>>> print(open('input-v1.cif').read())   # mmCIF, C-alpha atoms
data_target
#
loop_
_atom_site.label_atom_id
_atom_site.label_comp_id
_atom_site.auth_asym_id
_atom_site.auth_seq_id
_atom_site.Cartn_x
_atom_site.Cartn_y
_atom_site.Cartn_z
CA MET A 1 -2.73 99.00 63.54
CA ASP A 2 -3.73 100.40 60.19
CA PRO A 3 -2.03 103.80 59.85
CA GLY A 4 -4.93 104.96 57.69
CA SER A 5 -7.46 104.55 60.48
CA ASN A 6 -5.33 106.72 62.74
CA LEU A 7 -5.29 109.42 60.07
CA ASP A 8 -9.10 109.14 59.89
CA ILE A 9 -9.35 110.04 63.56
CA LEU A 10 -6.87 112.91 63.25
CA MET A 11 -8.78 114.24 60.23
CA ALA A 12 -12.10 114.12 62.09
CA ARG A 13 -10.52 116.00 65.01
CA TYR A 14 -8.97 118.52 62.58
CA GLN A 15 -12.45 119.13 61.15
CA ALA A 16 -13.71 119.65 64.70
CA GLY A 17 -11.13 122.44 65.13
CA ASP A 18 -8.49 120.57 67.14
CA PHE A 19 -5.12 122.29 66.61
CA ALA A 20 -3.11 119.38 68.04
CA ALA A 21 -4.68 117.04 65.45
CA ALA A 22 -3.94 119.53 62.66
CA THR A 23 -0.31 119.74 63.79
CA ALA A 24 -0.03 115.94 64.00
CA LEU A 25 -1.40 115.62 60.45
CA ILE A 26 1.05 118.20 59.16
CA GLN A 27 3.91 116.32 60.84
CA ARG A 28 2.81 112.99 59.38
CA ILE A 29 1.60 113.91 55.90
CA GLY A 30 3.86 116.94 55.32
CA PRO A 31 7.08 114.99 54.65
CA GLN A 32 5.27 112.58 52.28
CA LEU A 33 3.81 115.43 50.26
CA HIS A 34 7.14 117.26 50.29
CA ARG A 35 8.83 114.20 48.83
CA PHE A 36 6.03 113.92 46.27
CA PHE A 37 6.69 117.51 45.11
CA LEU A 38 10.48 117.28 45.28
CA ALA A 39 10.49 114.15 43.15
CA GLN A 40 8.85 115.90 40.24
CA PHE A 41 11.54 118.12 38.84
CA SER A 42 11.11 120.86 41.40
CA SER A 43 13.75 122.47 43.57
CA ARG A 44 13.59 122.18 47.36
CA ALA A 45 12.42 125.80 47.55
CA ASP A 46 9.60 125.01 45.11
CA ALA A 47 8.68 121.91 47.10
CA ASP A 48 8.55 124.03 50.28
CA ASP A 49 6.29 126.58 48.57
CA LEU A 50 4.07 123.86 47.11
CA LEU A 51 3.75 122.17 50.49
CA GLN A 52 2.63 125.44 52.11
CA GLU A 53 0.21 126.16 49.28
CA THR A 54 -1.19 122.64 49.49
CA TRP A 55 -1.83 122.93 53.22
CA LEU A 56 -3.56 126.25 52.80
CA ARG A 57 -5.82 124.64 50.22
CA ILE A 58 -6.34 121.55 52.37
CA HIS A 59 -7.31 123.85 55.22
CA ARG A 60 -9.76 125.77 53.03
CA VAL A 61 -11.50 122.64 51.74
CA ARG A 62 -11.17 120.39 54.80
CA HIS A 63 -14.96 120.06 54.97
CA THR A 64 -14.86 118.07 51.68
CA TYR A 65 -13.31 115.11 53.50
CA ARG A 66 -16.06 112.75 54.66
CA PRO A 67 -15.38 110.57 57.71
CA GLY A 68 -15.01 106.92 56.71
CA GLU A 69 -13.47 107.69 53.32
CA PRO A 70 -9.75 106.95 52.73
CA VAL A 71 -7.65 109.93 53.86
CA LEU A 72 -4.50 109.63 51.74
CA PRO A 73 -6.25 109.83 48.33
CA TRP A 74 -7.98 113.01 49.53
CA PHE A 75 -4.64 114.61 50.44
CA TYR A 76 -2.90 113.46 47.27
CA ALA A 77 -5.75 114.55 45.00
CA ILE A 78 -5.42 118.09 46.35
CA ALA A 79 -1.61 117.96 46.17
CA ARG A 80 -1.80 116.87 42.51
CA ARG A 81 -4.10 119.79 41.73
CA VAL A 82 -1.68 122.24 43.39
CA ARG A 83 1.23 120.71 41.48
CA ILE A 84 -0.60 120.95 38.14
CA ASP A 85 -1.54 124.58 38.81
CA HIS A 86 2.11 125.27 39.67
CA PHE A 87 3.37 123.74 36.42
CA ARG A 88 0.78 125.65 34.46
CA ARG A 89 1.83 128.94 36.05
CA ALA A 90 5.51 128.07 35.61
CA SER A 91 5.04 127.24 31.92
CA ARG A 92 3.14 130.45 31.38
CA THR A 93 5.77 132.52 33.17
CA THR A 94 8.52 130.80 31.22
CA ALA A 95 6.69 131.44 27.95
CA ARG A 96 6.23 135.09 28.88
CA GLU A 97 9.90 135.46 29.79
CA ARG A 98 10.88 133.71 26.59
CA ARG A 99 8.86 136.17 24.56
CA LEU A 100 10.31 139.11 26.44
CA GLU A 101 13.90 138.03 26.30
CA GLU A 102 13.65 136.26 22.95
CA ALA A 103 15.54 133.40 24.47
CA SER A 104 14.98 130.15 22.67
CA GLU A 105 16.56 127.67 25.06
CA VAL A 106 14.50 128.16 28.21
CA ALA A 107 13.25 124.90 29.68
CA VAL A 108 9.60 124.76 30.70
CA THR A 109 10.17 122.40 33.58
CA ILE A 110 12.22 123.56 36.48
CA PRO A 111 15.37 121.55 37.01
CA ARG A 112 16.29 120.19 40.41
CA GLU A 113 18.58 122.74 42.06
CA GLU A 114 19.76 120.89 45.08
CA GLY A 115 19.44 117.59 46.82
CA GLU A 116 20.54 114.31 45.30
CA PRO A 117 17.90 112.13 43.74
CA ASP A 118 17.29 109.34 46.24
CA ASP A 119 17.55 105.61 45.48
CA LEU A 120 13.92 105.35 44.50
CA GLU A 121 14.04 108.27 42.06
CA ALA A 122 17.16 106.84 40.44
CA LEU A 123 15.35 103.55 39.98
CA LEU A 124 12.23 105.21 38.57
CA ALA A 125 14.12 107.41 36.11
CA PRO A 126 13.37 105.28 33.02
CA LEU A 127 9.60 105.33 33.64
CA SER A 128 7.07 107.79 32.28
CA GLU A 129 5.85 110.49 34.67
CA SER A 130 2.44 108.85 35.15
CA GLN A 131 4.05 105.48 35.91
CA ARG A 132 6.48 107.11 38.37
CA GLU A 133 3.61 108.88 40.10
CA VAL A 134 1.68 105.64 40.60
CA ILE A 135 4.74 103.76 41.89
CA ARG A 136 5.62 106.60 44.26
CA MET A 137 2.11 106.64 45.70
CA MET A 138 2.16 102.89 46.22
CA LYS A 139 5.69 102.49 47.54
CA VAL A 140 6.29 105.78 49.39
CA ALA A 141 2.80 106.58 50.64
CA GLY A 142 1.82 102.90 50.94
CA MET A 143 -1.46 103.41 49.09
CA SER A 144 -3.48 100.55 47.60
CA LEU A 145 -4.50 100.36 43.93
CA GLU A 146 -7.97 101.58 44.86
CA GLU A 147 -6.53 104.55 46.77
CA VAL A 148 -4.17 105.50 43.93
CA ALA A 149 -7.14 105.35 41.54
CA ARG A 150 -9.06 107.73 43.81
CA ALA A 151 -6.10 110.10 44.16
CA THR A 152 -5.53 110.27 40.41
CA SER A 153 -9.24 110.38 39.47
CA SER A 154 -8.89 107.27 37.35
CA SER A 155 -10.14 103.70 37.39
CA VAL A 156 -8.48 100.82 39.23
CA GLY A 157 -8.00 99.10 35.87
CA SER A 158 -6.04 102.03 34.49
CA VAL A 159 -3.81 102.13 37.59
CA LYS A 160 -3.24 98.37 37.35
CA GLN A 161 -2.20 98.78 33.74
CA LYS A 162 0.28 101.55 34.64
CA VAL A 163 1.76 99.45 37.44
CA HIS A 164 2.04 96.44 35.13
CA ARG A 165 3.85 98.48 32.46
CA ALA A 166 6.06 100.16 35.08
CA TYR A 167 7.12 96.78 36.47
CA ARG A 168 7.84 95.47 32.98
CA ASN A 169 10.04 98.54 32.26
CA LEU A 170 11.75 98.24 35.65
CA ARG A 171 12.43 94.53 35.11
CA GLU A 172 14.07 95.27 31.77
CA HIS A 173 15.99 98.25 33.16
CA MET A 174 17.24 96.39 36.22
CA SER A 175 18.15 93.32 34.20
CA SER A 176 20.11 95.45 31.73
CA LEU A 177 22.01 96.96 34.66
CA GLY A 178 22.52 93.54 36.20
CA LEU A 179 20.81 94.99 39.25
CA LYS A 180 19.68 92.77 42.09
CA LYS A 181 19.13 93.50 45.71
CA GLY A 182 22.25 95.12 47.20
CA PRO A 183 23.70 94.23 50.60
CA SER A 184 21.54 96.89 52.28
CA GLY A 185 18.50 95.68 50.43
CA GLY A 186 18.53 98.79 48.22
CA LEU A 187 20.65 99.73 45.29
CA PRO A 188 24.10 98.13 45.36
CA MET B 189 14.27 89.26 37.14
CA LYS B 190 10.93 88.54 38.82
CA ASP B 191 8.22 90.99 39.94
CA GLU B 192 8.87 90.04 43.58
CA GLU B 193 12.52 91.05 43.22
CA VAL B 194 11.58 94.37 41.60
CA ASP B 195 9.10 94.89 44.42
CA GLU B 196 11.74 94.19 47.05
CA VAL B 197 14.23 96.63 45.48
CA LEU B 198 11.52 99.32 45.27
CA LYS B 199 10.44 98.74 48.86
CA SER B 200 13.94 98.98 50.25
CA SER B 201 14.73 102.06 48.14
CA SER B 202 11.61 103.88 49.29
CA ARG B 203 12.37 103.29 52.98
CA ALA B 204 14.83 106.21 53.10
CA ALA B 205 13.46 108.83 55.47
CA HIS B 206 12.66 112.20 53.94
CA GLU B 207 13.46 115.14 56.13
CA VAL B 208 11.53 118.39 56.01
CA GLU B 209 12.67 121.44 57.93
CA PRO B 210 10.74 121.44 61.24
CA ALA B 211 10.52 125.23 60.95
CA LEU B 212 8.57 124.84 57.69
CA LEU B 213 6.06 122.45 59.28
CA LYS B 214 5.69 124.76 62.24
CA ARG B 215 5.15 127.73 59.92
CA ILE B 216 2.39 125.82 58.14
CA ALA B 217 0.73 124.87 61.43
CA ASP B 218 0.94 128.47 62.66
CA SER B 219 -0.52 129.80 59.41
CA ILE B 220 -3.71 127.73 59.74
CA HIS B 221 -4.12 128.21 63.49
CA PRO B 222 -6.00 131.57 63.43
CA SER B 223 -8.69 130.24 61.07
CA LEU B 224 -9.07 126.82 62.68
CA GLN B 225 -12.83 126.66 63.23
CA PRO B 226 -14.95 123.48 63.34
CA VAL B 227 -16.38 122.63 59.91
CA ARG B 228 -19.33 120.50 58.88
CA PRO B 229 -18.31 117.71 56.47
CA LEU B 230 -20.24 117.40 53.22
CA PRO B 231 -23.16 114.90 53.26
CA PRO B 232 -22.72 111.39 51.81
CA THR B 233 -22.56 110.98 48.03
CA TRP B 234 -26.01 109.37 47.75
CA VAL B 235 -27.67 112.31 49.54
CA LEU B 236 -26.03 114.85 47.22
CA THR B 237 -26.81 112.70 44.17
CA ALA B 238 -30.46 112.39 45.17
CA ALA B 239 -30.65 116.15 45.68
CA LEU B 240 -29.15 116.75 42.22
CA VAL B 241 -31.65 114.37 40.57
CA LEU B 242 -34.52 116.09 42.40
CA ILE B 243 -33.26 119.50 41.25
CA CYS B 244 -33.13 118.28 37.64
CA ALA B 245 -36.61 116.76 37.85
CA ALA B 246 -38.05 119.92 39.42
CA VAL B 247 -36.44 122.20 36.81
CA ALA B 248 -37.60 119.96 33.93
CA VAL B 249 -41.20 119.76 35.21
CA THR B 250 -41.29 123.52 35.89
CA GLY B 251 -39.99 124.20 32.38
CA ALA B 252 -42.56 121.88 30.83
CA ALA B 253 -45.33 123.37 32.99
CA ARG B 254 -44.59 126.78 31.50
CA THR B 255 -44.46 125.53 27.88
CA GLY B 256 -47.01 122.69 28.00
CA PHE B 257 -46.91 118.90 28.51
CA TYR B 258 -47.68 118.15 24.83
CA GLY B 259 -44.98 115.49 24.44
CA ILE B 260 -45.84 113.27 27.38
CA GLU B 261 -49.54 113.49 26.55
CA LYS B 262 -48.86 111.96 23.12
CA LEU B 263 -46.62 109.16 24.44
CA THR B 264 -47.99 105.72 25.35
CA LEU B 265 -47.45 104.39 28.88
CA ALA B 266 -44.68 102.01 27.72
CA GLU B 267 -42.92 104.84 25.87
CA ARG B 268 -43.17 107.08 28.93
CA LEU B 269 -41.76 104.37 31.16
CA LEU B 270 -38.83 103.58 28.87
CA ILE B 271 -37.86 107.20 28.16
CA PHE B 272 -38.14 108.56 31.69
CA THR B 273 -36.60 105.51 33.37
CA THR B 274 -33.59 105.83 31.04
CA LEU B 275 -33.33 109.56 31.75
CA GLY B 276 -33.66 108.94 35.48
CA ILE B 277 -30.86 106.33 35.50
CA LEU B 278 -28.61 108.54 33.38
CA ALA B 279 -29.28 111.54 35.64
CA TRP B 280 -28.43 109.43 38.70
CA VAL B 281 -25.16 108.22 37.14
CA ALA B 282 -24.22 111.74 35.95
CA GLY B 283 -25.17 113.20 39.35
CA ARG B 284 -23.01 110.68 41.19
CA GLU B 285 -20.05 111.42 38.92
CA PHE B 286 -20.59 115.16 39.33
CA VAL B 287 -20.46 114.76 43.12
CA ALA B 288 -17.27 112.66 42.73
CA GLU B 289 -15.72 115.42 40.59
CA LEU B 290 -16.29 117.95 43.37
CA ILE B 291 -14.98 115.86 46.25
CA PRO B 292 -11.22 115.16 46.16
CA GLY B 293 -10.20 111.50 46.41
CA SER B 294 -13.61 110.17 45.37
CA ARG B 295 -14.09 106.91 43.53
CA HIS B 296 -14.73 107.46 39.81
CA ARG B 297 -16.69 104.67 38.17
CA LEU B 298 -16.70 106.36 34.75
CA SER B 299 -14.45 108.85 33.03
CA PRO B 300 -16.21 112.05 31.86
CA GLY B 301 -15.79 110.94 28.23
CA ALA B 302 -17.29 107.52 28.95
CA LEU B 303 -20.22 109.14 30.77
CA LEU B 304 -20.97 111.40 27.81
CA THR B 305 -20.68 108.50 25.37
CA ILE B 306 -22.92 106.21 27.44
CA ALA B 307 -25.55 108.94 27.90
CA SER B 308 -25.62 109.79 24.19
CA VAL B 309 -25.66 106.16 23.02
CA ALA B 310 -28.39 105.20 25.53
CA LEU B 311 -30.61 108.09 24.44
CA LEU B 312 -30.01 107.36 20.74
CA ALA B 313 -30.86 103.68 21.29
CA VAL B 314 -34.11 104.45 23.15
CA PHE B 315 -35.21 107.10 20.64
CA ALA B 316 -34.32 104.88 17.67
CA LEU B 317 -36.36 102.07 19.19
CA LEU B 318 -39.45 104.18 19.88
CA PHE B 319 -39.67 106.70 17.05
CA ARG B 320 -40.11 105.32 13.52
CA ASN B 321 -41.49 108.33 11.65
CA TYR B 322 -38.66 109.19 9.26
CA ARG B 323 -40.20 112.33 7.73
CA THR B 324 -38.08 115.46 8.09
CA GLU B 325 -40.37 118.48 8.01
CA HIS B 326 -38.87 121.73 9.32
CA PHE B 327 -35.85 119.69 10.37
CA VAL B 328 -33.50 122.61 11.01
CA SER B 329 -35.91 125.28 12.25
CA ALA B 330 -37.81 122.93 14.60
CA GLY B 331 -34.56 121.31 15.66
CA ILE B 332 -32.83 124.55 16.57
CA ALA B 333 -35.89 125.65 18.52
CA CYS B 334 -35.73 122.42 20.60
CA LEU B 335 -31.94 122.63 21.02
CA VAL B 336 -32.17 126.22 22.27
CA THR B 337 -35.09 125.40 24.59
CA GLY B 338 -33.21 122.43 26.06
CA LEU B 339 -30.03 124.44 26.53
CA LEU B 340 -31.87 127.40 28.08
CA LEU B 341 -33.37 125.00 30.60
CA ALA B 342 -29.96 123.47 31.28
CA ILE B 343 -28.73 126.85 32.56
CA PRO B 344 -30.95 127.03 35.70
CA ALA B 345 -30.35 123.31 36.30
CA ALA B 346 -26.57 123.89 36.18
CA LEU B 347 -26.81 126.95 38.43
CA LEU B 348 -28.90 125.15 41.04
CA SER B 349 -26.58 122.11 40.92
CA TRP B 350 -23.59 124.39 41.43
CA LEU B 351 -25.40 126.09 44.32
CA LEU B 352 -25.94 122.71 45.97
CA LEU B 353 -22.29 121.70 45.54
CA ARG B 354 -20.71 125.13 46.01
CA ARG B 355 -18.77 123.85 49.07
CA GLY B 356 -17.08 121.21 46.93
CA PHE B 357 -13.63 121.47 45.39
CA ALA B 358 -13.00 120.48 41.78
CA VAL B 359 -9.67 118.73 41.39
CA ASN B 360 -10.10 119.00 37.61
CA SER B 361 -12.37 121.89 36.67
CA VAL B 362 -12.64 120.86 32.98
CA SER B 363 -13.87 117.36 33.88
CA ALA B 364 -16.20 118.79 36.53
CA GLY B 365 -17.60 121.27 33.98
CA LEU B 366 -18.12 118.51 31.42
CA VAL B 367 -19.93 116.20 33.84
CA GLY B 368 -22.00 119.04 35.32
CA GLY B 369 -22.89 120.19 31.80
CA ALA B 370 -23.94 116.65 30.83
CA LEU B 371 -26.19 116.46 33.90
CA ALA B 372 -27.77 119.82 33.09
CA GLY B 373 -28.18 118.67 29.48
CA LEU B 374 -30.04 115.57 30.64
CA CYS B 375 -32.38 117.91 32.51
CA GLY B 376 -32.92 119.79 29.25
CA VAL B 377 -33.71 116.54 27.38
CA THR B 378 -36.18 115.52 30.12
CA MET B 379 -38.01 118.79 29.67
CA LEU B 380 -38.06 118.32 25.87
CA GLU B 381 -39.53 114.82 26.24
CA LEU B 382 -42.27 116.27 28.45
CA HIS B 383 -42.94 119.17 26.10
CA CYS B 384 -42.02 118.39 22.48
CA ALA B 385 -44.72 116.60 20.47
CA ASN B 386 -42.60 116.37 17.31
CA PHE B 387 -41.94 112.62 17.10
CA GLN B 388 -40.05 112.58 13.81
CA ALA B 389 -37.21 110.15 14.42
CA LEU B 390 -34.41 112.32 13.04
CA HIS B 391 -35.63 115.37 14.95
CA VAL B 392 -35.52 113.53 18.29
CA LEU B 393 -32.34 111.59 17.51
CA VAL B 394 -30.33 114.60 16.37
CA TRP B 395 -31.61 117.65 18.18
CA HIS B 396 -32.83 116.25 21.49
CA THR B 397 -29.71 114.13 22.00
CA ALA B 398 -27.48 117.05 20.97
CA VAL B 399 -28.62 118.99 24.05
CA VAL B 400 -26.52 116.68 26.26
CA SER B 401 -23.30 116.96 24.25
CA VAL B 402 -23.60 120.71 23.59
CA SER B 403 -24.34 121.36 27.26
CA ALA B 404 -21.39 119.15 28.30
CA ALA B 405 -19.09 120.98 25.88
CA ALA B 406 -20.26 124.33 27.27
CA GLY B 407 -19.58 123.09 30.81
CA ALA B 408 -16.10 121.90 29.88
CA LEU B 409 -15.37 125.23 28.22
CA LEU B 410 -16.52 127.09 31.32
CA GLY B 411 -14.35 124.86 33.50
CA TRP B 412 -11.36 125.49 31.24
CA ALA B 413 -11.95 129.27 31.34
CA LEU B 414 -12.20 129.23 35.15
CA ARG B 415 -8.98 127.23 35.38
CA GLU B 416 -7.19 129.64 33.06
CA VAL B 417 -8.33 132.59 35.16
CA ALA B 418 -7.28 130.85 38.38
CA THR B 419 -3.78 130.03 37.13
CA SER B 420 -3.16 133.22 35.17
CA HIS B 421 -1.76 135.13 38.14
#
>>> encode(input="input-v1.cif", output="structure tokens")
Amino acid sequence: MDPGSNLDILMARYQAGDFAAATALIQRIGPQLHRFFLAQFSSRADADDLLQETWLRIHRVRHTYRPGEPVLPWFYAIARRVRIDHFRRASRTTARERRLEEASEVAVTIPREEGEPDDLEALLAPLSESQREVIRMMKVAGMSLEEVARATSSSVGSVKQKVHRAYRNLREHMSSLGLKKGPSGGLP
Amino acid sequence: MKDEEVDEVLKSSSRAAHEVEPALLKRIADSIHPSLQPVRPLPPTWVLTAALVLICAAVAVTGAARTGFYGIEKLTLAERLLIFTTLGILAWVAGREFVAELIPGSRHRLSPGALLTIASVALLAVFALLFRNYRTEHFVSAGIACLVTGLLLAIPAALLSWLLLRRGFAVNSVSAGLVGGALAGLCGVTMLELHCANFQALHVLVWHTAVVSVSAAAGALLGWALREVATSH
């Protein structure tokens, strides 16, 4: 069964005011979005906050989902917006603090505080942020090229190009490490 | 190393389960519970696009009715057909992209920059083809009057379009502002083509076409300002 079609039904029931469907969506999409936030230089606490903020926004704009449209791009498009707003606020706060304290070495991005980077993040480390984002959406969320294009407000061609470049970089990186499939199928 | 091998390594690495505290998920569910009312989903894209095009047409005709239909009266049937068909297609394309900008996860056929470029180039091509009078009398004064008239008309068009799509959610407010501004600008150009009887080629090419880009720039600026306000605290 296509997992997307199941999400469609849950989303329609959520729009109809069904709390059980809303809870089921939170249980299914929540961990994916949490991983999406955690992967992008945020601490676990930040990822928790971003997940809550994203759901509040999803809840506020749930009428903008139209039945029959792909669900995951809708969720990820909102999550991306929340993440961008968060980075913007964080950069502004950092800049303000820097001015106040006259500290010159304050990083704009927030370093990961806890939690080891998982296998996938270690593999994706040499890629650019936009390439990592596309690969994460495809491999973690299981989205198609078309869905990634919708989630990132770009064309399918542009997503294809990013994937192509990401694979080329990964091939070179893995070859230079002499990396092949490990015994568990993941990193050796 | 082959793509299939890279793919296999990525697939197996991404299989690791990601745990989120159940208490966090429960807290989120509890926080939305009190306001969980049934909502009416937005209508399909084509319905919203058609409504936007109708709004633009109505605003342009109303504007021209107040100032006079001198332009369209002077145009031949073929010229009318070419100009207004082009404007209609461009308004439909801009309207569809504006709807996509205000509905998360929508399919984007054109980037905002490409839309603006296509609209400007299409208008320039049509005007260059139809208007061959290269005299430039009162180029600046007449031009500014048309630019201001077109932009003033773009304001109600933009407001009504926003009113129609007020339940939407802009994932990127700068892009949404740019596309909405371009649509409103096209409404302004439509009104100018109905009203303006100055058929000097440079006047039409420069000042009429400029309405679209100036209006789009104003929309993008407004979107940027709104985003700055929203993320400033």
>>> resolve_selection(input="input-v1.cif", expression="the PyMOL selection byres ((chain B) within 6 of (chain A))", output="PyMOL selection string")
chain B and resi 189+197+200-202+208+217+224-230+291-295+359+419
>>> write_last_selection(input="input-v1.cif", atoms="C-alpha atoms", output="mmCIF file, in the coordinates of the input")
data_model
loop_
_atom_site.group_PDB
_atom_site.id
_atom_site.type_symbol
_atom_site.label_atom_id
_atom_site.label_comp_id
_atom_site.auth_asym_id
_atom_site.auth_seq_id
_atom_site.Cartn_x
_atom_site.Cartn_y
_atom_site.Cartn_z
ATOM 1 C CA MET B 189 14.270 89.260 37.140
ATOM 2 C CA VAL B 197 14.230 96.630 45.480
ATOM 3 C CA SER B 200 13.940 98.980 50.250
ATOM 4 C CA SER B 201 14.730 102.060 48.140
ATOM 5 C CA SER B 202 11.610 103.880 49.290
ATOM 6 C CA VAL B 208 11.530 118.390 56.010
ATOM 7 C CA ALA B 217 0.730 124.870 61.430
ATOM 8 C CA LEU B 224 -9.070 126.820 62.680
ATOM 9 C CA GLN B 225 -12.830 126.660 63.230
ATOM 10 C CA PRO B 226 -14.950 123.480 63.340
ATOM 11 C CA VAL B 227 -16.380 122.630 59.910
ATOM 12 C CA ARG B 228 -19.330 120.500 58.880
ATOM 13 C CA PRO B 229 -18.310 117.710 56.470
ATOM 14 C CA LEU B 230 -20.240 117.400 53.220
ATOM 15 C CA ILE B 291 -14.980 115.860 46.250
ATOM 16 C CA PRO B 292 -11.220 115.160 46.160
ATOM 17 C CA GLY B 293 -10.200 111.500 46.410
ATOM 18 C CA SER B 294 -13.610 110.170 45.370
ATOM 19 C CA ARG B 295 -14.090 106.910 43.530
ATOM 20 C CA VAL B 359 -9.670 118.730 41.390
ATOM 21 C CA THR B 419 -3.780 130.030 37.130
#
>>> resolve_selection(input="input-v1.cif", expression="the PyMOL selection byres ((chain B and resi 299-303) around 10)", output="MDAnalysis selection string")
(chainID A and resid 153:155) or (chainID B and resid 278 281:282 285:286 289 296:298 304:309 362:368 370:371 404)
>>> write_last_selection(input="input-v1.cif", atoms="C-alpha atoms", output="PDB file, keeping the file's coordinate frame")
ATOM      1  CA  SER A 153      -9.240 110.380  39.470  1.00  0.00           C
ATOM      2  CA  SER A 154      -8.890 107.270  37.350  1.00  0.00           C
ATOM      3  CA  SER A 155     -10.140 103.700  37.390  1.00  0.00           C
TER       4      SER A 155
ATOM      5  CA  LEU B 278     -28.610 108.540  33.380  1.00  0.00           C
ATOM      6  CA  VAL B 281     -25.160 108.220  37.140  1.00  0.00           C
ATOM      7  CA  ALA B 282     -24.220 111.740  35.950  1.00  0.00           C
ATOM      8  CA  GLU B 285     -20.050 111.420  38.920  1.00  0.00           C
ATOM      9  CA  PHE B 286     -20.590 115.160  39.330  1.00  0.00           C
ATOM     10  CA  GLU B 289     -15.720 115.420  40.590  1.00  0.00           C
ATOM     11  CA  HIS B 296     -14.730 107.460  39.810  1.00  0.00           C
ATOM     12  CA  ARG B 297     -16.690 104.670  38.170  1.00  0.00           C
ATOM     13  CA  LEU B 298     -16.700 106.360  34.750  1.00  0.00           C
ATOM     14  CA  LEU B 304     -20.970 111.400  27.810  1.00  0.00           C
ATOM     15  CA  THR B 305     -20.680 108.500  25.370  1.00  0.00           C
ATOM     16  CA  ILE B 306     -22.920 106.210  27.440  1.00  0.00           C
ATOM     17  CA  ALA B 307     -25.550 108.940  27.900  1.00  0.00           C
ATOM     18  CA  SER B 308     -25.620 109.790  24.190  1.00  0.00           C
ATOM     19  CA  VAL B 309     -25.660 106.160  23.020  1.00  0.00           C
ATOM     20  CA  VAL B 362     -12.640 120.860  32.980  1.00  0.00           C
ATOM     21  CA  SER B 363     -13.870 117.360  33.880  1.00  0.00           C
ATOM     22  CA  ALA B 364     -16.200 118.790  36.530  1.00  0.00           C
ATOM     23  CA  GLY B 365     -17.600 121.270  33.980  1.00  0.00           C
ATOM     24  CA  LEU B 366     -18.120 118.510  31.420  1.00  0.00           C
ATOM     25  CA  VAL B 367     -19.930 116.200  33.840  1.00  0.00           C
ATOM     26  CA  GLY B 368     -22.000 119.040  35.320  1.00  0.00           C
ATOM     27  CA  ALA B 370     -23.940 116.650  30.830  1.00  0.00           C
ATOM     28  CA  LEU B 371     -26.190 116.460  33.900  1.00  0.00           C
ATOM     29  CA  ALA B 404     -21.390 119.150  28.300  1.00  0.00           C
TER      30      ALA B 404
END
>>> axis_aligned_box(input="input-v1.cif", around="stretch 378-390 of chain B", padding_each_side="4 Å", output="AutoDock Vina command-line options")
--center_x -39.6 --center_y 114.7 --center_z 21.6 --size_x 18.3 --size_y 17.0 --size_z 25.1
>>> residues_around(input="input-v1.cif", residues="B:Gly376", least_positions_apart="3", cutoff="8 Å", atoms="all atoms listed in the file", output="ChimeraX atom specification")
/B:248,337-342,372-373,379-380,399-400
>>> write_last_selection(input="input-v1.cif", atoms="C-alpha atoms", output="short mmCIF file (atom, residue, chain, number, x, y, z; two decimals), keeping the file's coordinate frame")
data_model
loop_
_atom_site.label_atom_id
_atom_site.label_comp_id
_atom_site.auth_asym_id
_atom_site.auth_seq_id
_atom_site.Cartn_x
_atom_site.Cartn_y
_atom_site.Cartn_z
CA ALA B 248 -37.60 119.96 33.93
CA THR B 337 -35.09 125.40 24.59
CA GLY B 338 -33.21 122.43 26.06
CA LEU B 339 -30.03 124.44 26.53
CA LEU B 340 -31.87 127.40 28.08
CA LEU B 341 -33.37 125.00 30.60
CA ALA B 342 -29.96 123.47 31.28
CA ALA B 372 -27.77 119.82 33.09
CA GLY B 373 -28.18 118.67 29.48
CA MET B 379 -38.01 118.79 29.67
CA LEU B 380 -38.06 118.32 25.87
CA VAL B 399 -28.62 118.99 24.05
CA VAL B 400 -26.52 116.68 26.26
#
>>> atom_distance(input="input-v1.cif", atom1="atom CA of A:Leu145", atom2="atom CA of A:Gly68")
17.8 Å
>>> atom_distance(input="input-v1.cif", atom1="atom CA of B:Val394", atom2="atom CA of B:Ala238")
28.9 Å
>>> decode(input="input-v1.cif", residues="stretch 142-163 of chain A", atoms="C-alpha atoms", output="compact mmCIF listing (two decimals), in the first residue's frame")
# COMPACT_ATOMS: atom_id res chain seq x y z
CA GLY A 142 10.98 8.59 0.62
CA MET A 143 9.80 11.47 -1.57
CA SER A 144 9.93 11.38 -5.37
CA LEU A 145 11.73 14.00 -7.48
CA GLU A 146 8.40 15.67 -8.20
CA GLU A 147 7.54 15.80 -4.48
CA VAL A 148 10.96 17.22 -3.54
CA ALA A 149 10.49 19.87 -6.23
CA ARG A 150 7.13 20.80 -4.72
CA ALA A 151 8.53 20.89 -1.17
CA THR A 152 11.44 23.12 -2.16
CA SER A 153 9.41 25.34 -4.53
CA SER A 154 11.70 24.50 -7.42
CA SER A 155 11.49 22.67 -10.72
CA VAL A 156 11.99 18.93 -11.19
CA GLY A 157 14.94 19.73 -13.46
CA SER A 158 16.69 21.69 -10.74
CA VAL A 159 16.15 18.86 -8.22
CA LYS A 160 17.46 16.32 -10.74
CA GLN A 161 20.56 18.43 -11.23
CA LYS A 162 21.17 18.63 -7.46
CA VAL A 163 20.75 14.87 -7.09
